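Have a look at work20.tsv; it's TSV, C-alpha atoms:
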chain	number	residue	atom	x	y	z
Y	1	MET	CA	0.00	0.00	0.00
Y	2	LYS	CA	2.79	2.44	0.88
Y	3	TYR	CA	4.35	1.90	-2.56
Y	4	ARG	CA	1.00	2.73	-4.11
Y	5	TYR	CA	0.97	6.10	-2.23
Y	6	ILE	CA	4.59	6.73	-3.20
Y	7	GLY	CA	3.77	6.04	-6.86
Y	8	LEU	CA	0.71	8.30	-6.72
Y	9	SER	CA	2.76	11.11	-5.11
Y	10	ILE	CA	5.43	10.83	-7.82
Y	11	PHE	CA	2.72	10.99	-10.50
Y	12	VAL	CA	1.11	14.11	-8.98
Y	13	PHE	CA	4.50	15.80	-8.56
Y	14	ALA	CA	5.47	15.02	-12.17
Y	15	PHE	CA	2.10	16.30	-13.44
Y	16	CYS	CA	2.56	19.61	-11.57
Y	17	ILE	CA	6.07	20.04	-13.00
Y	18	ALA	CA	4.79	19.40	-16.52
Y	19	LEU	CA	1.94	21.86	-16.03
Y	20	CYS	CA	4.29	24.58	-14.82
Y	21	VAL	CA	6.66	24.04	-17.73
Y	22	ALA	CA	3.79	24.16	-20.22
Y	23	ASN	CA	2.41	27.39	-18.79
Y	24	GLY	CA	5.86	28.90	-18.90
Y	25	THR	CA	6.40	28.28	-22.60
Y	26	LYS	CA	3.03	28.13	-24.32
Y	27	ASP	CA	1.50	31.24	-25.91
Y	28	THR	CA	-1.87	31.11	-24.15
Y	29	THR	CA	-5.03	33.09	-24.91
Y	30	LYS	CA	-6.06	36.10	-22.83
Y	31	THR	CA	-7.06	35.08	-19.33
Y	32	GLU	CA	-10.02	36.43	-17.46
Y	33	ASN	CA	-7.86	38.66	-15.25
Y	34	PRO	CA	-4.58	39.29	-17.12
Y	35	VAL	CA	-1.63	40.60	-15.14
Y	36	THR	CA	0.78	42.41	-17.45
Y	37	LEU	CA	3.59	44.86	-16.97
Y	38	ASP	CA	4.04	47.87	-19.19
Y	39	GLU	CA	7.42	49.21	-20.32
Y	40	LYS	CA	7.89	51.01	-17.01
Y	41	GLY	CA	7.14	47.88	-15.01
Y	42	GLU	CA	3.72	49.12	-13.92
Y	43	ASN	CA	0.80	46.72	-13.54
Y	44	THR	CA	-1.81	47.42	-16.25
Y	45	ALA	CA	-4.31	44.78	-15.14
Y	46	VAL	CA	-6.27	47.33	-13.10
Y	47	ALA	CA	-6.60	49.63	-16.09
Y	48	SER	CA	-7.72	46.72	-18.30
Y	49	GLU	CA	-10.36	45.70	-15.76
Y	50	GLU	CA	-11.58	49.30	-15.62
Y	51	SER	CA	-11.90	49.30	-19.42
Y	52	GLU	CA	-13.92	46.10	-19.29
Y	53	ARG	CA	-16.23	47.60	-16.66
Y	54	LYS	CA	-16.82	50.62	-18.89
Y	55	VAL	CA	-17.77	48.34	-21.77
Y	56	GLU	CA	-20.22	46.52	-19.50
Y	57	LYS	CA	-21.71	49.86	-18.38
Y	58	GLY	CA	-22.09	50.99	-21.99
Y	59	GLU	CA	-19.53	53.81	-21.80
Y	60	PHE	CA	-17.48	52.07	-24.51
Y	61	SER	CA	-18.75	49.78	-27.25
Y	62	TYR	CA	-15.41	47.99	-27.60
Y	63	PHE	CA	-12.51	46.86	-25.43
Y	64	HIS	CA	-10.75	50.15	-24.86
Y	65	ASP	CA	-6.97	49.66	-24.94
Y	66	ILE	CA	-5.07	51.55	-22.27
Y	67	PRO	CA	-2.02	53.64	-23.27
Y	68	VAL	CA	1.30	52.16	-22.15
Y	69	GLY	CA	3.56	54.02	-19.74
Y	70	GLY	CA	3.01	57.36	-18.06
Y	71	PRO	CA	1.38	60.61	-19.24
Y	72	VAL	CA	2.82	62.73	-22.05
Y	73	GLU	CA	4.16	66.20	-21.28
Y	74	PHE	CA	4.10	69.32	-23.45
Y	75	HIS	CA	4.86	73.02	-22.93
Y	76	GLU	CA	1.81	74.11	-24.90
Y	77	VAL	CA	-1.50	72.41	-25.71
Y	78	TRP	CA	-3.75	74.16	-28.23
Y	79	GLY	CA	-7.43	73.33	-28.66
Y	80	TYR	CA	-9.97	74.63	-31.17
Y	81	VAL	CA	-13.43	75.34	-29.77
Y	82	MET	CA	-16.37	75.66	-32.16
Y	83	GLN	CA	-18.70	78.66	-31.96
Y	84	ASN	CA	-22.11	77.60	-30.59
Y	85	ARG	CA	-20.47	74.58	-28.98
Y	86	GLU	CA	-18.65	76.48	-26.25
Y	87	TYR	CA	-20.19	74.20	-23.63
Y	88	GLU	CA	-17.94	71.35	-24.84
Y	89	PHE	CA	-14.91	73.07	-23.36
Y	90	LYS	CA	-14.18	72.52	-19.66
Y	91	ASN	CA	-11.70	74.58	-17.68
Y	92	ASP	CA	-10.10	71.45	-16.23
Y	93	MET	CA	-9.00	70.36	-19.70
Y	94	LYS	CA	-5.25	70.61	-20.00
Y	95	VAL	CA	-5.16	73.42	-22.55
Y	96	THR	CA	-2.81	76.41	-22.58
Y	97	ASP	CA	-4.13	78.05	-25.77
Y	98	LEU	CA	-7.79	78.15	-26.74
Y	99	VAL	CA	-8.57	78.91	-30.41
Y	100	TYR	CA	-12.12	80.22	-30.85
Y	101	PHE	CA	-13.47	79.10	-34.24
Y	102	SER	CA	-14.37	81.29	-36.05
Y	103	ALA	CA	-14.83	84.76	-37.50
Y	104	ASP	CA	-15.72	83.94	-41.10
Y	105	VAL	CA	-15.32	86.37	-44.00
Y	106	ASN	CA	-18.60	86.68	-45.95
Y	107	ALA	CA	-19.25	87.37	-49.65
Y	108	TYR	CA	-18.95	91.14	-49.04
Y	109	GLY	CA	-15.52	90.95	-47.45
Y	110	GLU	CA	-17.01	91.54	-44.01
Y	111	PHE	CA	-17.64	89.55	-40.84
Y	112	ASP	CA	-21.24	88.66	-40.03
Y	113	SER	CA	-20.15	88.24	-36.42
Y	114	ILE	CA	-16.99	88.00	-34.37
Y	115	PRO	CA	-17.05	85.60	-31.40
Y	116	LYS	CA	-16.55	87.28	-28.04
Y	117	ALA	CA	-13.64	86.10	-25.93
Y	118	SER	CA	-15.67	87.04	-22.85
Y	119	LYS	CA	-17.49	83.68	-23.19
Y	120	PHE	CA	-14.30	82.14	-21.83
Y	121	ASP	CA	-13.54	84.65	-19.08
Y	122	SER	CA	-12.96	81.85	-16.60
Y	123	PHE	CA	-10.25	80.30	-18.78
Y	124	LYS	CA	-6.83	81.49	-17.58
Y	125	GLY	CA	-4.77	80.56	-20.64
Y	126	ARG	CA	-4.25	82.44	-23.90
Y	127	LYS	CA	-7.25	83.00	-26.19
Y	128	HIS	CA	-6.90	83.28	-29.96
Y	129	LEU	CA	-9.54	84.34	-32.48
Y	130	SER	CA	-9.61	82.03	-35.51
Y	131	VAL	CA	-10.33	83.72	-38.85
Y	132	THR	CA	-11.63	81.71	-41.83
Y	133	CYS	CA	-12.34	82.24	-45.52
Y	134	GLN	CA	-14.26	79.34	-47.02
Y	135	SER	CA	-13.69	79.40	-50.78
Y	136	ARG	CA	-10.99	80.12	-53.35
Y	137	SER	CA	-12.99	82.83	-55.08
Y	138	LEU	CA	-13.66	84.58	-51.78
Y	139	ALA	CA	-10.00	84.26	-50.78
Y	140	HIS	CA	-9.00	85.93	-54.05
Y	141	PHE	CA	-11.51	88.73	-53.42
Y	142	VAL	CA	-10.13	89.28	-49.92
Y	143	LEU	CA	-6.42	89.01	-50.75
Y	144	ASP	CA	-6.05	90.75	-54.10
Y	145	PRO	CA	-5.29	94.43	-53.29
Y	146	GLN	CA	-7.21	95.70	-56.33
Y	147	TYR	CA	-10.51	95.13	-54.49
Y	148	GLY	CA	-9.53	97.18	-51.45
Y	149	ILE	CA	-10.76	94.53	-48.98
Y	150	THR	CA	-7.47	93.43	-47.43
Y	151	LYS	CA	-6.86	96.63	-45.46
Y	152	LYS	CA	-10.42	96.65	-44.16
Y	153	ILE	CA	-10.08	93.02	-42.97
Y	154	ILE	CA	-6.78	93.79	-41.23
Y	155	ALA	CA	-8.24	96.84	-39.49
Y	156	THR	CA	-11.27	94.88	-38.28
Y	157	LEU	CA	-9.13	92.04	-36.94
Y	158	THR	CA	-6.72	94.41	-35.22
Y	159	GLU	CA	-9.68	95.92	-33.37
Y	160	ALA	CA	-11.11	92.48	-32.55
Y	161	ALA	CA	-7.73	91.38	-31.18
Y	162	LYS	CA	-8.12	93.80	-28.26
Y	163	GLY	CA	-10.29	91.18	-26.59
Y	164	TYR	CA	-7.89	88.33	-27.38
Y	165	ASP	CA	-4.27	87.37	-26.92
Y	166	GLY	CA	-3.87	86.80	-30.62
Y	167	ILE	CA	-5.28	86.13	-34.09
Y	168	ASN	CA	-5.14	82.73	-35.79
Y	169	ILE	CA	-5.40	82.85	-39.61
Y	170	ASP	CA	-7.01	79.71	-41.06
Y	171	PHE	CA	-7.33	80.39	-44.80
Y	172	GLU	CA	-7.10	76.94	-46.38
Y	173	LEU	CA	-8.14	77.67	-49.99
Y	174	ILE	CA	-5.61	80.05	-51.55
Y	175	PRO	CA	-5.66	80.38	-55.38
Y	176	ALA	CA	-2.30	79.90	-57.06
Y	177	ARG	CA	-2.14	83.47	-58.31
Y	178	ASP	CA	-2.66	84.79	-54.76
Y	179	VAL	CA	0.31	83.07	-53.13
Y	180	GLN	CA	2.26	86.31	-52.73
Y	181	ASN	CA	-0.90	88.22	-51.78
Y	182	PHE	CA	-1.45	85.78	-48.91
Y	183	ARG	CA	2.11	86.23	-47.66
Y	184	ASN	CA	1.70	90.01	-47.88
Y	185	PHE	CA	-1.54	89.72	-45.91
Y	186	ILE	CA	0.24	87.79	-43.14
Y	187	ARG	CA	3.10	90.32	-43.13
Y	188	ASP	CA	0.72	93.32	-42.93
Y	189	MET	CA	-1.36	91.61	-40.27
Y	190	ARG	CA	1.80	91.20	-38.19
Y	191	THR	CA	2.64	94.88	-38.57
Y	192	SER	CA	-0.86	95.99	-37.62
Y	193	LEU	CA	-1.05	93.75	-34.54
Y	194	GLY	CA	2.38	94.75	-33.30
Y	195	GLN	CA	4.41	92.53	-30.99
Y	196	GLU	CA	1.98	92.63	-28.05
Y	197	LYS	CA	-0.50	90.29	-29.74
Y	198	TRP	CA	0.20	86.82	-31.11
Y	199	LEU	CA	-0.23	86.07	-34.80
Y	200	THR	CA	-0.50	82.39	-35.71
Y	201	VAL	CA	-1.35	80.58	-38.92
Y	202	ALA	CA	-2.91	77.15	-39.55
Y	203	VAL	CA	-1.31	75.31	-42.47
Y	204	PRO	CA	-1.86	71.93	-44.16
Y	205	ALA	CA	0.51	69.04	-43.59
Y	206	ARG	CA	3.57	68.92	-45.81
Y	207	LEU	CA	6.24	66.24	-46.25
Y	208	LYS	CA	8.56	68.41	-48.32
Y	209	THR	CA	8.94	71.93	-49.67
Y	210	ILE	CA	6.64	72.58	-52.64
Y	211	SER	CA	7.41	75.34	-55.14
Y	212	ASP	CA	4.90	78.21	-55.24
Y	213	ASP	CA	3.17	76.85	-52.13
Y	214	ALA	CA	0.98	79.45	-50.40
Y	215	PHE	CA	1.69	77.61	-47.14
Y	216	ASN	CA	5.46	77.44	-47.48
Y	217	TYR	CA	6.50	77.13	-43.84
Y	218	VAL	CA	9.77	79.00	-44.24
Y	219	LYS	CA	8.18	81.96	-46.03
Y	220	LEU	CA	5.51	82.42	-43.35
Y	221	GLU	CA	7.68	81.82	-40.30
Y	222	PRO	CA	9.25	85.32	-39.96
Y	223	TYR	CA	5.83	86.94	-39.44
Y	224	VAL	CA	4.16	84.53	-37.00
Y	225	ASP	CA	4.56	83.36	-33.44
Y	226	ARG	CA	3.35	79.82	-34.08
Y	227	ILE	CA	2.60	77.65	-37.11
Y	228	PHE	CA	-0.22	75.20	-36.41
Y	229	ILE	CA	0.35	72.20	-38.68
Y	230	MET	CA	-2.90	70.42	-39.44
Y	231	ALA	CA	-1.53	66.87	-39.52
Y	232	TYR	CA	-4.86	65.25	-40.30
Y	233	ASP	CA	-7.10	64.30	-43.24
Y	234	GLU	CA	-4.49	61.91	-44.61
Y	235	HIS	CA	-7.65	60.15	-45.78
Y	236	TRP	CA	-10.79	62.19	-46.40
Y	237	SER	CA	-14.48	61.76	-47.21
Y	238	THR	CA	-13.99	60.91	-50.90
Y	239	SER	CA	-10.71	58.98	-50.59
Y	240	LYS	CA	-10.36	55.29	-49.94
Y	241	PRO	CA	-10.86	54.33	-46.25
Y	242	GLY	CA	-7.88	54.91	-44.01
Y	243	ALA	CA	-6.57	56.62	-40.89
Y	244	ILE	CA	-7.31	60.31	-40.45
Y	245	ALA	CA	-3.68	60.60	-39.36
Y	246	SER	CA	-1.58	57.44	-39.34
Y	247	THR	CA	1.32	57.32	-36.93
Y	248	ASP	CA	4.10	57.00	-39.53
Y	249	TRP	CA	2.60	59.78	-41.67
Y	250	CYS	CA	2.47	62.12	-38.67
Y	251	ARG	CA	6.08	61.36	-37.76
Y	252	ARG	CA	7.27	62.24	-41.28
Y	253	ILE	CA	5.34	65.53	-41.16
Y	254	ALA	CA	6.90	66.42	-37.80
Y	255	ASP	CA	10.38	65.51	-39.01
Y	256	TYR	CA	10.01	67.80	-42.03
Y	257	ALA	CA	8.51	70.69	-40.04
Y	258	LEU	CA	11.22	70.55	-37.40
Y	259	SER	CA	13.91	70.45	-40.08
Y	260	VAL	CA	12.84	73.82	-41.59
Y	261	LEU	CA	11.29	75.69	-38.64
Y	262	PRO	CA	12.41	76.77	-35.16
Y	263	LYS	CA	11.07	74.21	-32.68
Y	264	LYS	CA	9.41	76.86	-30.55
Y	265	LYS	CA	7.15	77.88	-33.46
Y	266	VAL	CA	5.88	74.40	-34.36
Y	267	VAL	CA	2.48	73.26	-33.04
Y	268	MET	CA	1.71	69.77	-34.30
Y	269	GLY	CA	-2.03	69.42	-34.83
Y	270	LEU	CA	-3.82	66.16	-34.03
Y	271	PRO	CA	-7.35	65.01	-34.88
Y	272	PHE	CA	-9.90	64.07	-32.25
Y	273	TYR	CA	-12.52	63.03	-34.83
Y	274	GLY	CA	-13.21	59.86	-36.80
Y	275	ARG	CA	-14.69	59.22	-40.22
Y	276	THR	CA	-16.73	56.47	-41.88
Y	277	TRP	CA	-16.89	55.31	-45.47
Y	278	GLN	CA	-19.54	53.17	-47.11
Y	279	GLU	CA	-18.71	50.71	-49.83
Y	280	GLU	CA	-21.49	51.83	-52.16
Y	281	SER	CA	-23.77	54.84	-52.32
Y	282	TYR	CA	-26.88	55.25	-54.46
Y	283	GLY	CA	-27.77	58.74	-53.26
Y	284	GLN	CA	-27.24	60.79	-56.42
Y	285	ALA	CA	-28.77	61.89	-59.73
Y	286	TRP	CA	-28.75	59.37	-62.60
Y	287	TYR	CA	-28.99	59.00	-66.36
Y	288	PHE	CA	-31.80	56.65	-67.42
Y	289	SER	CA	-29.09	54.15	-68.41
Y	290	GLY	CA	-27.69	54.28	-64.88
Y	291	ILE	CA	-31.08	53.75	-63.27
Y	292	ASN	CA	-31.71	50.84	-65.64
Y	293	ARG	CA	-28.31	49.37	-64.77
Y	294	ILE	CA	-28.66	49.43	-61.00
Y	295	MET	CA	-32.17	47.97	-61.27
Y	296	GLY	CA	-30.74	45.08	-63.27
Y	297	GLU	CA	-27.80	44.61	-60.88
Y	298	ASN	CA	-30.19	44.41	-57.93
Y	299	ASP	CA	-32.81	42.23	-59.64
Y	300	VAL	CA	-35.53	44.88	-59.67
Y	301	ARG	CA	-38.07	43.65	-62.23
Y	302	GLU	CA	-41.14	45.68	-61.34
Y	303	VAL	CA	-41.82	49.35	-60.75
Y	304	GLU	CA	-44.77	51.19	-59.29
Y	305	ARG	CA	-46.05	54.54	-60.42
Y	306	ASP	CA	-46.77	57.63	-58.38
Y	307	ASN	CA	-49.10	59.79	-60.47
Y	308	GLY	CA	-47.59	58.20	-63.53
Y	309	VAL	CA	-43.95	58.59	-62.41
Y	310	PRO	CA	-42.15	55.23	-62.03
Y	311	TYR	CA	-40.33	54.41	-58.81
Y	312	PHE	CA	-38.75	51.38	-57.19
Y	313	SER	CA	-36.97	50.30	-54.04
Y	314	PHE	CA	-34.64	47.50	-53.03
Y	315	ASP	CA	-32.76	46.44	-49.92
Y	316	LYS	CA	-28.99	46.47	-49.99
Y	317	THR	CA	-26.38	45.43	-47.46
Y	318	ILE	CA	-23.70	48.13	-47.34
Y	319	LYS	CA	-20.24	47.64	-45.86
Y	320	VAL	CA	-19.25	50.59	-43.65
Y	321	THR	CA	-15.62	51.15	-42.62
Y	322	GLY	CA	-14.70	53.60	-39.88
Y	323	TYR	CA	-11.38	54.99	-38.65
Y	324	PHE	CA	-11.27	57.03	-35.47
Y	325	GLU	CA	-9.04	58.21	-32.64
Y	326	ASP	CA	-9.16	57.20	-29.00
Y	327	ALA	CA	-6.92	57.78	-25.99
Y	328	TYR	CA	-4.55	54.98	-27.00
Y	329	SER	CA	-3.97	56.16	-30.59
Y	330	THR	CA	-3.73	59.83	-29.59
Y	331	VAL	CA	-1.24	59.16	-26.81
Y	332	GLU	CA	0.88	57.08	-29.21
Y	333	LYS	CA	1.11	60.01	-31.62
Y	334	CYS	CA	1.84	62.41	-28.77
Y	335	LYS	CA	4.73	60.18	-27.67
Y	336	GLN	CA	6.28	60.17	-31.09
Y	337	TYR	CA	6.03	63.96	-31.27
Y	338	GLN	CA	7.83	64.07	-27.93
Y	339	GLU	CA	10.55	61.80	-29.31
Y	340	ALA	CA	10.88	63.99	-32.40
Y	341	GLY	CA	11.56	67.00	-30.18
Y	342	CYS	CA	8.19	68.73	-30.49
Y	343	SER	CA	6.96	70.33	-27.25
Y	344	ARG	CA	3.76	71.94	-28.59
Y	345	ILE	CA	0.65	70.14	-29.81
Y	346	GLY	CA	-2.90	71.11	-30.68
Y	347	PHE	CA	-6.24	69.48	-31.41
Y	348	TRP	CA	-9.09	69.81	-33.86
Y	349	ARG	CA	-11.35	69.96	-32.02
Y	350	ILE	CA	-12.55	70.12	-28.41
Y	351	GLY	CA	-15.70	68.05	-27.90
Y	352	GLN	CA	-14.82	65.33	-30.41
Y	353	GLU	CA	-12.28	63.60	-28.19
Y	354	ASP	CA	-12.23	60.39	-26.17
Y	355	PRO	CA	-12.67	62.02	-22.71
Y	356	SER	CA	-10.20	59.61	-21.09
Y	357	PHE	CA	-7.37	61.14	-23.15
Y	358	TRP	CA	-7.09	64.12	-20.79
Y	359	ASP	CA	-5.89	61.78	-18.03
Y	360	TRP	CA	-2.77	61.09	-20.12
Y	361	LEU	CA	-1.73	64.67	-20.75
Y	362	VAL	CA	0.46	66.92	-18.59
Y	363	ILE	CA	1.47	70.56	-19.16
Y	364	LYS	CA	5.08	71.22	-18.16
Write the structure described by the file as structure tokens, please.
Amino acid sequence: MKYRYIGLSIFVFAFCIALCVANGTKDTTKTENPVTLDEKGENTAVASEESERKVEKGEFSYFHDIPVGGPVEFHEVWGYVMQNREYEFKNDMKVTDLVYFSADVNAYGEFDSIPKASKFDSFKGRKHLSVTCQSRSLAHFVLDPQYGITKKIIATLTEAAKGYDGINIDFELIPARDVQNFRNFIRDMRTSLGQEKWLTVAVPARLKTISDDAFNYVKLEPYVDRIFIMAYDEHWSTSKPGAIASTDWCRRIADYALSVLPKKKVVMGLPFYGRTWQEESYGQAWYFSGINRIMGENDVREVERDNGVPYFSFDKTIKVTGYFEDAYSTVEKCKQYQEAGCSRIGFWRIGQEDPSFWDWLVIK
């Protein structure tokens, strides 16, 4: 009998050893309560469990990955706030520079209204008035000196700046023949504002210097305090589906900007928003041949008539693809900007963000 117990004990001991060895080498699936260490040796299991609880409570619709490591630090954090959506901004958000969007130039070369900085009296950081011009033809009208509008715009903005710390120019549609006119506008705006007020300009992302570019970083830099680089819309509404701002793309933009501009003037813009694409869309006007074609493709063999006018309907399964930003993806991009030597970032726009992102941001 004692040999039987000895044999049983040896078997149990051997089984335990084998189990330990297997667990030490096998790539197992995610356990119910994973215990992992991030790159700083910190336990991330608590954060993962918190994410799972938020999914269960309906705060997230998916398992919300937690950024790795500690918070990211920047000297300046810029955030655009949309007019009529002021309530989306909270004073506890880690923002040093608030950009109020926007005073928009109308078809007469005037401003229908200029947002009042007093709506953010409780905000203790810098406040900038964003100025927009929404079409190429209007930009030409405003910038070409023959129409006499440029000086009037500059005078109006100089007066409006008395309630702000600075003016942010966000003219994104500059006709080719107005490249020099735009640079002259920025130069004259700088002169009119003087050195007491900030002048900043929002520019599209660039990976290299482009000849005759209205947004040539080097040409604009002498007249402005900051250049806000809109490193987003890598993919857009009519492009193929893809990231609004992929990590590698953003890094290349930052590398280029920092190679041609003083670091203190670079604000790397990040998107808070997402975008969806659908595989097919039938919402448009058609030739008869086109209508006939899609009816055939979708096996529509009968039509009804409304007062003699034919109409039809069919059901269609549409594939929708969405790319968006959350705390994890935004923190990853922030980290790479840190590594590139950029100490100033900004966001389009406040209200669109994953709220948990603010927990990962620190102002130096």
Expressed in Å, the length from CA of Thr317 (chain Y) to CA of Trp236 (chain Y) is 22.9 Å
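Using only C-alpha atoms for every distance, the candidate list Y:Asp299, Y:Asp92, Y:Asp121, Y:Glu279 yields Y:Asp299 as the residue closest to Ser313 (chain Y).
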Would you kindly return, as a ChimeraX atom specification, each protein, DNA or RNA residue with an atom no farther than 7 Å from any atom of region 127-132 of chain Y, considering only C-alpha atoms and excluding same-chain residues fewer than 3 positions away? /Y:97-105,164-171
Residues near Trp348 (chain Y), cut-off 7 Å, all atoms listed in the file, skip fewer than 2 positions along chain, as number ranges by chain: Y: 79-80, 270-272, 350
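Interatomic distance, CA of Asn184 (chain Y) to CA of Arg136 (chain Y): 17.0 Å.
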What lies within 8 Å of Trp78 (chain Y) using all atoms listed in the file, ignoring chain neighbours under 3 positions off, as a list in words?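 Neighbouring residues, sequence-local ones excluded: Val95, Thr96, Asp97, Leu98, Val99, Val267, Arg344, Ile345, Gly346 and Phe347 of chain Y.
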For a cut-off of 7 Å around (5.4, 72.9, -32.3), file coordinates, pick out all residues using all atoms listed in the file and list them as a PyMOL selection string. chain Y and resi 263-268+342-345
Write to file, as a tab-separated table (two decimals), in the coordinates of the input, the residues of the selection just made, with C-alpha atoms.
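As written to disk, out-v8.tsv reads:
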chain	number	residue	atom	x	y	z
Y	263	LYS	CA	11.07	74.21	-32.68
Y	264	LYS	CA	9.41	76.86	-30.55
Y	265	LYS	CA	7.15	77.88	-33.46
Y	266	VAL	CA	5.88	74.40	-34.36
Y	267	VAL	CA	2.48	73.26	-33.04
Y	268	MET	CA	1.71	69.77	-34.30
Y	342	CYS	CA	8.19	68.73	-30.49
Y	343	SER	CA	6.96	70.33	-27.25
Y	344	ARG	CA	3.76	71.94	-28.59
Y	345	ILE	CA	0.65	70.14	-29.81
With all atoms listed in the file counted, which protein, DNA or RNA residues have an atom no more than 12 Å from (0.6, 89.9, -46.3) in the file frame? Please answer as a PyMOL selection string. chain Y and resi 142-145+150-151+153-154+169+178-192+214+219-220+222-224
Got time to write the residues from that selection, C-alpha atoms, as an mmCIF file, in the coordinates of the input?
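Contents of the output file out-v7.cif:
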data_model
loop_
_atom_site.group_PDB
_atom_site.id
_atom_site.type_symbol
_atom_site.label_atom_id
_atom_site.label_comp_id
_atom_site.auth_asym_id
_atom_site.auth_seq_id
_atom_site.Cartn_x
_atom_site.Cartn_y
_atom_site.Cartn_z
ATOM 1 C CA VAL Y 142 -10.130 89.280 -49.920
ATOM 2 C CA LEU Y 143 -6.420 89.010 -50.750
ATOM 3 C CA ASP Y 144 -6.050 90.750 -54.100
ATOM 4 C CA PRO Y 145 -5.290 94.430 -53.290
ATOM 5 C CA THR Y 150 -7.470 93.430 -47.430
ATOM 6 C CA LYS Y 151 -6.860 96.630 -45.460
ATOM 7 C CA ILE Y 153 -10.080 93.020 -42.970
ATOM 8 C CA ILE Y 154 -6.780 93.790 -41.230
ATOM 9 C CA ILE Y 169 -5.400 82.850 -39.610
ATOM 10 C CA ASP Y 178 -2.660 84.790 -54.760
ATOM 11 C CA VAL Y 179 0.310 83.070 -53.130
ATOM 12 C CA GLN Y 180 2.260 86.310 -52.730
ATOM 13 C CA ASN Y 181 -0.900 88.220 -51.780
ATOM 14 C CA PHE Y 182 -1.450 85.780 -48.910
ATOM 15 C CA ARG Y 183 2.110 86.230 -47.660
ATOM 16 C CA ASN Y 184 1.700 90.010 -47.880
ATOM 17 C CA PHE Y 185 -1.540 89.720 -45.910
ATOM 18 C CA ILE Y 186 0.240 87.790 -43.140
ATOM 19 C CA ARG Y 187 3.100 90.320 -43.130
ATOM 20 C CA ASP Y 188 0.720 93.320 -42.930
ATOM 21 C CA MET Y 189 -1.360 91.610 -40.270
ATOM 22 C CA ARG Y 190 1.800 91.200 -38.190
ATOM 23 C CA THR Y 191 2.640 94.880 -38.570
ATOM 24 C CA SER Y 192 -0.860 95.990 -37.620
ATOM 25 C CA ALA Y 214 0.980 79.450 -50.400
ATOM 26 C CA LYS Y 219 8.180 81.960 -46.030
ATOM 27 C CA LEU Y 220 5.510 82.420 -43.350
ATOM 28 C CA PRO Y 222 9.250 85.320 -39.960
ATOM 29 C CA TYR Y 223 5.830 86.940 -39.440
ATOM 30 C CA VAL Y 224 4.160 84.530 -37.000
#
For Phe74 (chain Y), which of Y:Gln338, Y:Ser281, Y:Thr247, Y:Thr330 is the closest residue, counting all atoms listed in the file? Y:Gln338
What separation in Å, quoted to one decimal, exists between CA of Phe288 (chain Y) and CA of Lys316 (chain Y)? 20.4 Å
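Excluding Tyr273 (chain Y) itself and any same-chain residue fewer than 6 positions from it, the protein and nucleic acid residues within 10 Å of it, counting all atoms listed in the file, are Tyr232, Ile244, Tyr323, Phe324, Glu325, Asp326, Phe347, Trp348, Arg349, Ile350, Gly351, Gln352, Glu353 and Asp354 of chain Y.
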When you count all atoms listed in the file, which of these residues is closest to Lys364 (chain Y): Y:Val309, Y:Pro71, Y:Tyr256, Y:Glu76? Y:Glu76
Which residue gives the smallest distance to Glu172 (chain Y) among Y:Val81, Y:Leu361, Y:Cys334, Y:Leu138, with all atoms listed in the file counted? Y:Leu138
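Candidate residues Y:Ile229, Y:Leu199, Y:Ala160, Y:Ile363 were compared for distance to Ser113 (chain Y), and the nearest is Y:Ala160, using all atoms listed in the file.
Comparing Y:Glu297, Y:Ser246, Y:Phe123, Y:Ser211 by their smallest distance to Glu86 (chain Y), the closest is Y:Phe123 (using only C-alpha atoms).
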